[in-house]
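Text of protein04.cif, listed as mmCIF, C-alpha atoms and all ligand atoms:
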```
data_coords
loop_
_atom_site.label_atom_id
_atom_site.label_comp_id
_atom_site.auth_asym_id
_atom_site.auth_seq_id
_atom_site.Cartn_x
_atom_site.Cartn_y
_atom_site.Cartn_z
CA MET K 1 7.84 -0.20 1.09
CA ALA K 2 5.01 -0.85 -1.39
CA ASP K 3 2.06 1.49 -0.87
CA MET K 4 3.96 3.41 1.75
CA ILE K 5 2.39 6.64 0.51
CA ARG K 6 -1.36 7.04 1.00
CA LYS K 7 -1.83 10.54 2.33
CA VAL K 8 -0.13 13.48 0.62
CA GLY K 9 0.29 17.02 1.95
CA VAL K 10 0.77 19.96 -0.44
CA ILE K 11 2.12 23.24 0.98
CA GLY K 12 1.26 26.26 -1.21
CA SER K 13 -2.00 26.33 -3.16
CA GLY K 14 -0.89 28.49 -6.11
CA GLN K 15 -0.95 27.34 -9.73
CA MET K 16 1.42 24.40 -9.03
CA GLY K 17 -0.05 23.42 -5.65
CA ASN K 18 -3.60 23.17 -6.95
CA GLY K 19 -2.38 21.11 -9.93
CA ILE K 20 -0.44 18.69 -7.70
CA ALA K 21 -3.46 18.29 -5.35
CA HIS K 22 -5.64 17.67 -8.46
CA VAL K 23 -3.48 14.87 -9.93
CA ALA K 24 -2.76 13.26 -6.54
CA ALA K 25 -6.48 13.11 -5.67
CA LEU K 26 -7.30 11.69 -9.12
CA GLY K 27 -4.53 9.13 -8.55
CA GLY K 28 -6.39 7.90 -5.47
CA PHE K 29 -4.33 9.61 -2.74
CA ASP K 30 -5.86 11.47 0.20
CA VAL K 31 -4.69 15.07 -0.02
CA VAL K 32 -4.28 17.88 2.50
CA LEU K 33 -3.81 21.21 0.73
CA ASN K 34 -2.16 23.90 2.89
CA ASP K 35 -1.55 27.63 2.39
CA VAL K 36 -0.90 30.62 4.64
CA SER K 37 -3.77 32.37 2.90
CA ALA K 38 -7.29 31.01 3.55
CA GLU K 39 -8.44 33.03 0.53
CA ARG K 40 -5.86 31.35 -1.76
CA LEU K 41 -7.06 27.96 -0.46
CA LYS K 42 -10.66 28.78 -1.28
CA SER K 43 -9.80 29.90 -4.80
CA ALA K 44 -7.52 26.84 -5.28
CA MET K 45 -10.42 24.49 -4.43
CA ALA K 46 -12.61 26.36 -6.95
CA THR K 47 -9.85 26.07 -9.60
CA ILE K 48 -9.45 22.33 -8.98
CA ASN K 49 -13.19 21.80 -9.29
CA GLY K 50 -13.26 23.85 -12.52
CA ASN K 51 -10.32 21.91 -14.02
CA LEU K 52 -11.82 18.53 -13.03
CA SER K 53 -15.15 19.57 -14.59
CA ARG K 54 -13.32 20.51 -17.81
CA GLN K 55 -11.80 17.00 -17.85
CA VAL K 56 -15.31 15.53 -17.43
CA ALA K 57 -16.61 17.67 -20.33
CA LYS K 58 -13.72 16.42 -22.49
CA LYS K 59 -14.50 12.83 -21.42
CA ILE K 60 -11.00 12.39 -19.95
CA ILE K 61 -12.50 11.41 -16.56
CA THR K 62 -15.98 10.43 -15.38
CA GLU K 63 -18.29 12.51 -13.21
CA ASP K 64 -17.85 9.90 -10.43
CA ALA K 65 -14.07 10.29 -10.62
CA ARG K 66 -14.44 14.08 -10.33
CA LYS K 67 -16.61 13.77 -7.21
CA ALA K 68 -14.35 11.14 -5.63
CA ALA K 69 -11.23 13.25 -6.28
CA LEU K 70 -12.80 16.36 -4.74
CA ASP K 71 -13.87 14.36 -1.68
CA ARG K 72 -10.27 13.25 -1.18
CA ILE K 73 -8.96 16.82 -0.83
CA VAL K 74 -9.21 18.74 2.42
CA SER K 75 -7.78 22.21 2.82
CA SER K 76 -6.03 23.45 5.95
CA ASP K 77 -4.40 26.77 6.76
CA SER K 78 -2.48 25.22 9.66
CA MET K 79 0.62 22.97 9.54
CA ASP K 80 -1.02 20.69 12.12
CA GLY K 81 -3.31 19.36 9.39
CA LEU K 82 -0.23 17.79 7.71
CA ALA K 83 1.02 15.83 10.77
CA ASP K 84 -0.01 12.33 9.63
CA CYS K 85 0.82 12.66 5.91
CA ASP K 86 3.17 10.05 4.40
CA LEU K 87 4.59 12.53 1.89
CA VAL K 88 4.52 16.34 2.00
CA ILE K 89 5.34 18.32 -1.15
CA GLU K 90 6.30 21.97 -0.63
CA THR K 91 5.35 24.22 -3.55
CA ALA K 92 5.28 27.72 -2.04
CA VAL K 93 7.01 30.74 -3.63
CA GLU K 94 10.50 30.26 -5.13
CA LYS K 95 12.33 31.94 -2.23
CA GLU K 96 14.84 29.92 -0.27
CA GLU K 97 14.23 31.62 3.09
CA VAL K 98 10.45 31.02 2.81
CA LYS K 99 11.01 27.33 1.99
CA ARG K 100 13.53 26.84 4.84
CA LYS K 101 11.09 28.32 7.36
CA ILE K 102 8.28 26.07 6.03
CA PHE K 103 10.48 22.96 6.46
CA GLN K 104 11.45 23.94 10.00
CA ASP K 105 7.80 24.45 11.00
CA LEU K 106 6.66 21.31 9.16
CA CYS K 107 9.24 19.00 10.75
CA THR K 108 8.10 19.91 14.26
CA VAL K 109 4.62 18.45 13.56
CA LEU K 110 5.21 15.84 10.82
CA LYS K 111 5.56 12.14 11.76
CA PRO K 112 9.25 11.12 11.61
CA GLU K 113 8.87 8.41 8.96
CA ALA K 114 7.23 10.77 6.41
CA ILE K 115 9.00 11.88 3.23
CA VAL K 116 9.46 15.61 2.60
CA ALA K 117 9.74 16.89 -0.98
CA SER K 118 10.13 20.24 -2.71
CA ASN K 119 8.72 21.22 -6.10
CA THR K 120 11.39 23.93 -6.39
CA SER K 121 12.32 24.86 -9.96
CA SER K 122 15.94 25.59 -9.23
CA ILE K 123 17.08 25.64 -5.59
CA SER K 124 19.58 23.04 -4.33
CA ILE K 125 17.80 19.98 -2.91
CA THR K 126 20.83 19.22 -0.74
CA ARG K 127 20.71 22.71 0.80
CA LEU K 128 16.93 22.56 1.40
CA ALA K 129 17.33 19.05 2.88
CA ALA K 130 19.85 20.43 5.36
CA SER K 131 17.15 22.70 6.82
CA THR K 132 15.07 19.63 7.81
CA ASP K 133 15.51 17.00 10.52
CA ARG K 134 15.54 14.23 7.85
CA PRO K 135 17.89 14.89 4.88
CA GLU K 136 17.82 11.17 3.99
CA LYS K 137 14.02 11.37 3.58
CA PHE K 138 14.15 14.57 1.50
CA ILE K 139 13.85 14.68 -2.31
CA GLY K 140 13.04 17.02 -5.22
CA ILE K 141 9.79 16.13 -7.02
CA HIS K 142 9.57 18.73 -9.78
CA PHE K 143 6.26 18.89 -11.65
CA MET K 144 5.76 20.84 -14.89
CA ASN K 145 3.10 23.49 -15.48
CA PRO K 146 0.15 22.89 -16.06
CA VAL K 147 0.42 19.82 -13.83
CA PRO K 148 -2.68 17.92 -15.05
CA LEU K 149 -1.49 18.18 -18.70
CA MET K 150 2.29 17.78 -18.61
CA GLU K 151 3.67 14.25 -18.77
CA LEU K 152 7.04 14.81 -17.09
CA VAL K 153 8.19 14.95 -13.47
CA GLU K 154 11.87 15.41 -12.60
CA LEU K 155 13.17 13.48 -9.56
CA ILE K 156 16.22 14.98 -7.88
CA ARG K 157 18.13 13.28 -5.09
CA GLY K 158 20.03 15.39 -2.57
CA ILE K 159 23.42 14.14 -1.41
CA ALA K 160 21.82 12.28 1.54
CA THR K 161 18.56 11.01 -0.06
CA ASP K 162 18.23 7.28 0.66
CA ASP K 163 17.08 4.58 -1.78
CA ALA K 164 13.78 3.95 0.06
CA THR K 165 12.80 7.61 -0.37
CA PHE K 166 13.76 7.61 -4.04
CA ASP K 167 11.88 4.35 -4.72
CA ALA K 168 8.71 5.45 -2.87
CA SER K 169 8.74 8.82 -4.71
CA LYS K 170 9.19 7.06 -8.05
CA GLU K 171 6.24 4.78 -7.28
CA PHE K 172 4.11 7.78 -6.27
CA VAL K 173 4.88 9.68 -9.50
CA THR K 174 4.26 6.58 -11.63
CA LYS K 175 0.83 6.14 -10.00
CA LEU K 176 -0.04 9.65 -11.18
CA GLY K 177 0.55 8.44 -14.76
CA LYS K 178 3.62 10.67 -15.22
CA GLN K 179 7.01 9.90 -16.80
CA ILE K 180 10.18 10.44 -14.78
CA ALA K 181 13.47 12.10 -15.72
CA VAL K 182 16.15 11.73 -13.04
CA SER K 183 18.30 14.81 -12.61
CA GLU K 184 21.42 15.39 -10.54
CA ASP K 185 21.18 18.17 -7.98
CA PHE K 186 22.64 21.10 -9.94
CA PRO K 187 21.03 24.53 -10.38
CA ALA K 188 17.66 24.39 -12.18
CA PHE K 189 18.03 20.63 -12.91
CA ILE K 190 17.44 19.55 -16.56
CA VAL K 191 14.33 21.20 -18.04
CA ASN K 192 14.87 24.69 -16.64
CA ARG K 193 18.65 24.60 -17.20
CA ILE K 194 17.84 24.42 -20.90
CA LEU K 195 14.50 26.28 -21.08
CA LEU K 196 15.20 29.37 -18.96
CA PRO K 197 18.38 30.51 -20.75
CA MET K 198 16.35 30.31 -23.97
CA ILE K 199 13.58 32.47 -22.48
CA ASN K 200 16.20 34.89 -21.06
CA GLU K 201 17.82 35.10 -24.53
CA ALA K 202 14.40 35.86 -26.06
CA ILE K 203 14.08 38.75 -23.57
CA TYR K 204 17.58 39.98 -24.57
CA THR K 205 16.46 39.77 -28.21
CA LEU K 206 13.56 42.06 -27.30
CA TYR K 207 15.76 44.33 -25.10
CA GLU K 208 18.31 44.82 -27.88
CA GLY K 209 15.56 45.60 -30.39
CA VAL K 210 16.26 42.64 -32.67
CA GLY K 211 12.53 41.99 -32.80
CA ASN K 212 9.33 43.00 -31.04
CA VAL K 213 7.21 40.69 -28.84
CA GLU K 214 5.05 39.51 -31.72
CA ALA K 215 7.99 38.84 -34.06
CA ILE K 216 9.96 36.89 -31.43
CA ASP K 217 7.03 34.67 -30.47
CA ALA K 218 5.96 34.11 -34.09
CA ALA K 219 9.57 33.28 -35.02
CA MET K 220 9.87 30.50 -32.46
CA LYS K 221 6.33 29.16 -33.01
CA LEU K 222 6.51 29.03 -36.78
CA GLY K 223 10.27 28.72 -37.23
CA ALA K 224 11.06 26.16 -34.54
CA HIS K 225 7.62 24.60 -34.04
CA HIS K 226 7.42 25.56 -30.36
CA PRO K 227 3.77 25.34 -29.20
CA MET K 228 4.13 28.69 -27.39
CA GLY K 229 6.47 31.61 -28.08
CA PRO K 230 9.19 32.16 -25.42
CA LEU K 231 7.69 35.46 -24.19
CA GLU K 232 4.18 33.98 -24.01
CA LEU K 233 5.71 31.07 -22.08
CA ALA K 234 7.55 33.44 -19.71
CA ASP K 235 4.21 35.15 -18.89
CA PHE K 236 2.67 31.73 -18.32
CA ILE K 237 5.44 30.57 -15.94
CA GLY K 238 5.46 33.91 -14.06
CA LEU K 239 8.20 36.51 -14.62
CA ASP K 240 9.15 36.46 -10.90
CA THR K 241 9.71 32.70 -11.09
CA CYS K 242 11.73 33.15 -14.35
CA LEU K 243 13.94 35.78 -12.68
CA SER K 244 14.47 33.63 -9.55
CA ILE K 245 15.58 30.68 -11.71
CA MET K 246 18.01 32.85 -13.73
CA GLN K 247 19.45 34.23 -10.46
CA VAL K 248 19.96 30.70 -9.12
CA LEU K 249 21.70 29.68 -12.39
CA HIS K 250 23.86 32.84 -12.38
CA GLU K 251 24.90 32.49 -8.74
CA GLY K 252 25.08 28.70 -8.66
CA LEU K 253 27.17 28.25 -11.82
CA ALA K 254 29.05 31.59 -11.59
CA ASP K 255 28.95 32.01 -15.38
CA SER K 256 28.04 35.40 -16.91
CA LYS K 257 26.14 33.66 -19.72
CA TYR K 258 23.29 33.20 -17.19
CA ARG K 259 22.97 36.90 -16.24
CA PRO K 260 19.26 37.82 -16.03
CA CYS K 261 18.24 40.30 -18.73
CA PRO K 262 17.75 43.82 -17.23
CA LEU K 263 14.39 44.02 -19.01
CA LEU K 264 13.17 40.92 -17.12
CA VAL K 265 14.28 42.60 -13.87
CA LYS K 266 12.38 45.76 -14.86
CA TYR K 267 9.12 43.90 -15.53
CA VAL K 268 9.37 42.13 -12.17
CA GLU K 269 10.13 45.43 -10.39
CA ALA K 270 7.01 46.90 -12.01
CA GLY K 271 4.92 44.01 -10.67
CA TRP K 272 4.19 42.93 -14.26
CA LEU K 273 4.60 39.24 -13.53
CA GLY K 274 2.71 37.81 -16.52
CA ARG K 275 -0.68 36.13 -16.58
CA LYS K 276 -1.06 35.96 -12.82
CA THR K 277 -1.05 39.78 -12.54
CA GLN K 278 -2.75 40.25 -15.96
CA ARG K 279 0.30 42.01 -17.42
CA GLY K 280 3.74 40.92 -18.56
CA PHE K 281 5.09 40.79 -22.12
CA TYR K 282 1.40 40.82 -23.01
CA ASP K 283 -1.50 42.72 -21.44
CA TYR K 284 -4.28 40.23 -20.61
CA ARG K 285 -6.86 42.71 -19.33
CA GLY K 286 -8.80 42.95 -22.58
CA GLU K 287 -10.45 40.30 -24.70
CA LYS K 288 -7.24 39.38 -26.51
CA PRO K 289 -3.63 39.53 -25.21
CA VAL K 290 -1.90 42.68 -26.51
CA PRO K 291 1.95 42.92 -26.63
CA THR K 292 3.35 45.48 -24.17
CA ARG K 293 6.41 46.24 -26.37
P1 LIG X 301 2.24 30.86 -6.99
O1 LIG X 301 2.71 32.25 -6.75
O2 LIG X 301 1.12 30.58 -7.95
O3 LIG X 301 1.79 30.16 -5.57
C1 LIG X 301 2.56 30.19 -4.40
C2 LIG X 301 1.63 29.91 -3.21
O4 LIG X 301 2.42 29.72 -2.04
C3 LIG X 301 0.63 31.06 -2.91
O5 LIG X 301 -0.68 30.54 -2.86
C4 LIG X 301 1.09 31.56 -1.54
O6 LIG X 301 0.01 32.02 -0.72
C5 LIG X 301 1.71 30.29 -0.96
N1 LIG X 301 2.63 30.51 0.15
C6 LIG X 301 3.55 31.49 0.30
N2 LIG X 301 4.20 31.34 1.48
C7 LIG X 301 3.67 30.24 2.07
C8 LIG X 301 3.92 29.59 3.31
N3 LIG X 301 4.83 30.04 4.17
N4 LIG X 301 3.19 28.48 3.62
C9 LIG X 301 2.25 28.02 2.75
N5 LIG X 301 1.97 28.61 1.57
C10 LIG X 301 2.68 29.71 1.23
O7 LIG X 301 3.56 30.02 -7.39
P2 LIG X 301 3.68 28.70 -8.31
O8 LIG X 301 3.86 29.08 -9.72
O9 LIG X 301 2.60 27.73 -7.90
O10 LIG X 301 5.11 28.14 -7.83
C11 LIG X 301 5.27 27.42 -6.62
C12 LIG X 301 6.58 26.63 -6.63
O11 LIG X 301 6.58 25.73 -7.76
C13 LIG X 301 7.85 27.48 -6.79
O12 LIG X 301 8.88 26.88 -6.02
C14 LIG X 301 8.14 27.38 -8.27
O13 LIG X 301 9.50 27.58 -8.57
C15 LIG X 301 7.72 25.94 -8.54
N6 LIG X 301 7.39 25.65 -9.95
C16 LIG X 301 6.71 26.59 -10.72
C17 LIG X 301 6.41 26.28 -12.04
C18 LIG X 301 5.69 27.30 -12.90
O14 LIG X 301 5.67 27.14 -14.13
N7 LIG X 301 5.07 28.33 -12.33
C19 LIG X 301 6.75 25.04 -12.60
C20 LIG X 301 7.38 24.08 -11.78
C21 LIG X 301 7.70 24.40 -10.45
#
```
Have the structure of the file written as structure tokens, please.
Ligand code: NAD
Amino acid sequence: MADMIRKVGVIGSGQMGNGIAHVAALGGFDVVLNDVSAERLKSAMATINGNLSRQVAKKIITEDARKAALDRIVSSDSMDGLADCDLVIETAVEKEEVKRKIFQDLCTVLKPEAIVASNTSSISITRLAASTDRPEKFIGIHFMNPVPLMELVELIRGIATDDATFDASKEFVTKLGKQIAVSEDFPAFIVNRILLPMINEAIYTLYEGVGNVEAIDAAMKLGAHHPMGPLELADFIGLDTCLSIMQVLHEGLADSKYRPCPLLVKYVEAGWLGRKTQRGFYDYRGEKPVPTR
């Protein structure tokens, strides 16, 4: 089982996908980065190069390590490029029907002994596993954002995940220099089960007029020593992703305490998704972020 994983596929080259490709390549794995959008792939490769260069400038890695890591990543806009990977991590948008379709297409080309993982923030691993031809070789490997900086990875077994898959995934994550927290397969796992209701409550605090954006973020930064305010953090995660996670908690646990704040819904409906669209609880189009409420 040792060294079973050498070549890693990453499906989805957004902010999480490019981070996972980055740390896997630095960890010595060959990486195939896949996306439906050739344009997204191009910009992901540029982001990875920029982030590796920043690590060189900060003396975290050497210039040789940067070059070697970049050489280990190939991009492919076709599933066929993933066929001989030992592990494929799906990290496309947080929509169950999109993920299920990806797994169906992937399993028709992927070698049968390969492990399939999802970086989902909240969706049931057992249910996603059931849409593949190999539920025993399916696992949740949940990275935190930004991937190169955050120390933690959650590992989530589905009901059918076998020990060999769990052990190989644990070894893979350890080789990336990350710490593991094992979570049972319940909605949103550990980190987001605790973090997202706090963010949602911060949005209710804004919605009910208890405080404005600046006051709420300052309160939690200075009053609870959080490195980022909850609204700043929501913009960083992506308000669409925040809403999806709250919906999964609300539906999955059937408890009204998880109801998504109507103001969060409104921002998402407006297409104000946070940093990635330049506007959310803050407007990022100018030199400095300006609160939008
Ligand atoms: P993102 O919007 O930045 O990127 C999603 C990418 O998936 C896009 O490049 C898109 O083109 C691609 N994509 C869409 N459909 C695809 C398909 N059928 N095949 C291949 N690629 C496809 O999103 P993100 O923030 O990187 O999130 C990705 C996943 O990671 C989600 O499941 C999310 O819940 C999870 N996650 C996000 C965070 C976070 O803080 N943003 C943290 C941990 C986990």
Collect all residues with atoms no farther than 7 Å from ligand LIG 301 (chain X), counting all atoms listed in the file, and output them as a tab-separated table (two decimals) with C-alpha atoms, keeping the file's coordinate frame.
```tsv
chain	number	residue	atom	x	y	z
K	11	ILE	CA	2.12	23.24	0.98
K	12	GLY	CA	1.26	26.26	-1.21
K	13	SER	CA	-2.00	26.33	-3.16
K	14	GLY	CA	-0.89	28.49	-6.11
K	15	GLN	CA	-0.95	27.34	-9.73
K	16	MET	CA	1.42	24.40	-9.03
K	17	GLY	CA	-0.05	23.42	-5.65
K	34	ASN	CA	-2.16	23.90	2.89
K	35	ASP	CA	-1.55	27.63	2.39
K	36	VAL	CA	-0.90	30.62	4.64
K	37	SER	CA	-3.77	32.37	2.90
K	40	ARG	CA	-5.86	31.35	-1.76
K	91	THR	CA	5.35	24.22	-3.55
K	92	ALA	CA	5.28	27.72	-2.04
K	93	VAL	CA	7.01	30.74	-3.63
K	94	GLU	CA	10.50	30.26	-5.13
K	98	VAL	CA	10.45	31.02	2.81
K	102	ILE	CA	8.28	26.07	6.03
K	119	ASN	CA	8.72	21.22	-6.10
K	120	THR	CA	11.39	23.93	-6.39
K	121	SER	CA	12.32	24.86	-9.96
K	122	SER	CA	15.94	25.59	-9.23
K	142	HIS	CA	9.57	18.73	-9.78
K	143	PHE	CA	6.26	18.89	-11.65
K	144	MET	CA	5.76	20.84	-14.89
K	145	ASN	CA	3.10	23.49	-15.48
K	236	PHE	CA	2.67	31.73	-18.32
K	237	ILE	CA	5.44	30.57	-15.94
K	238	GLY	CA	5.46	33.91	-14.06
K	241	THR	CA	9.71	32.70	-11.09
```
My list of candidates is K:Gly286, K:Gly158, K:Pro230, K:Pro291. Which is closest to Phe186 (chain K) when distances are computed with all atoms listed in the file?
K:Gly158
Phe138 (chain K) environment, 9 Å, only C-alpha atoms, sequence neighbours closer than 4 positions dropped, as a ChimeraX atom specification:
/K:115-118,125-126,128-129,132,134,157-158,160-162,165-166
Hey, what's within 10 Å of Ala234 (chain K) if we count all atoms listed in the file and toss same-chain stuff fewer than 6 positions away? As a list in words, please?
Leu196, Ile199, Asn200, Ala202, Ile203, Met228, Asp240, Thr241, Cys242, Leu243, Leu264, Leu273, Gly274, Arg275, Gly280 and Phe281 of chain K
Selection: 12 Å around Lys257 (chain K), only C-alpha atoms, excl. self and same-chain fewer than 5 positions, as a list in words
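Within the cut-off, the hits are Leu196, Pro197, Met198, Asn200, Glu201, Tyr204, Met246, Gln247, Leu249, His250 and Glu251 of chain K.
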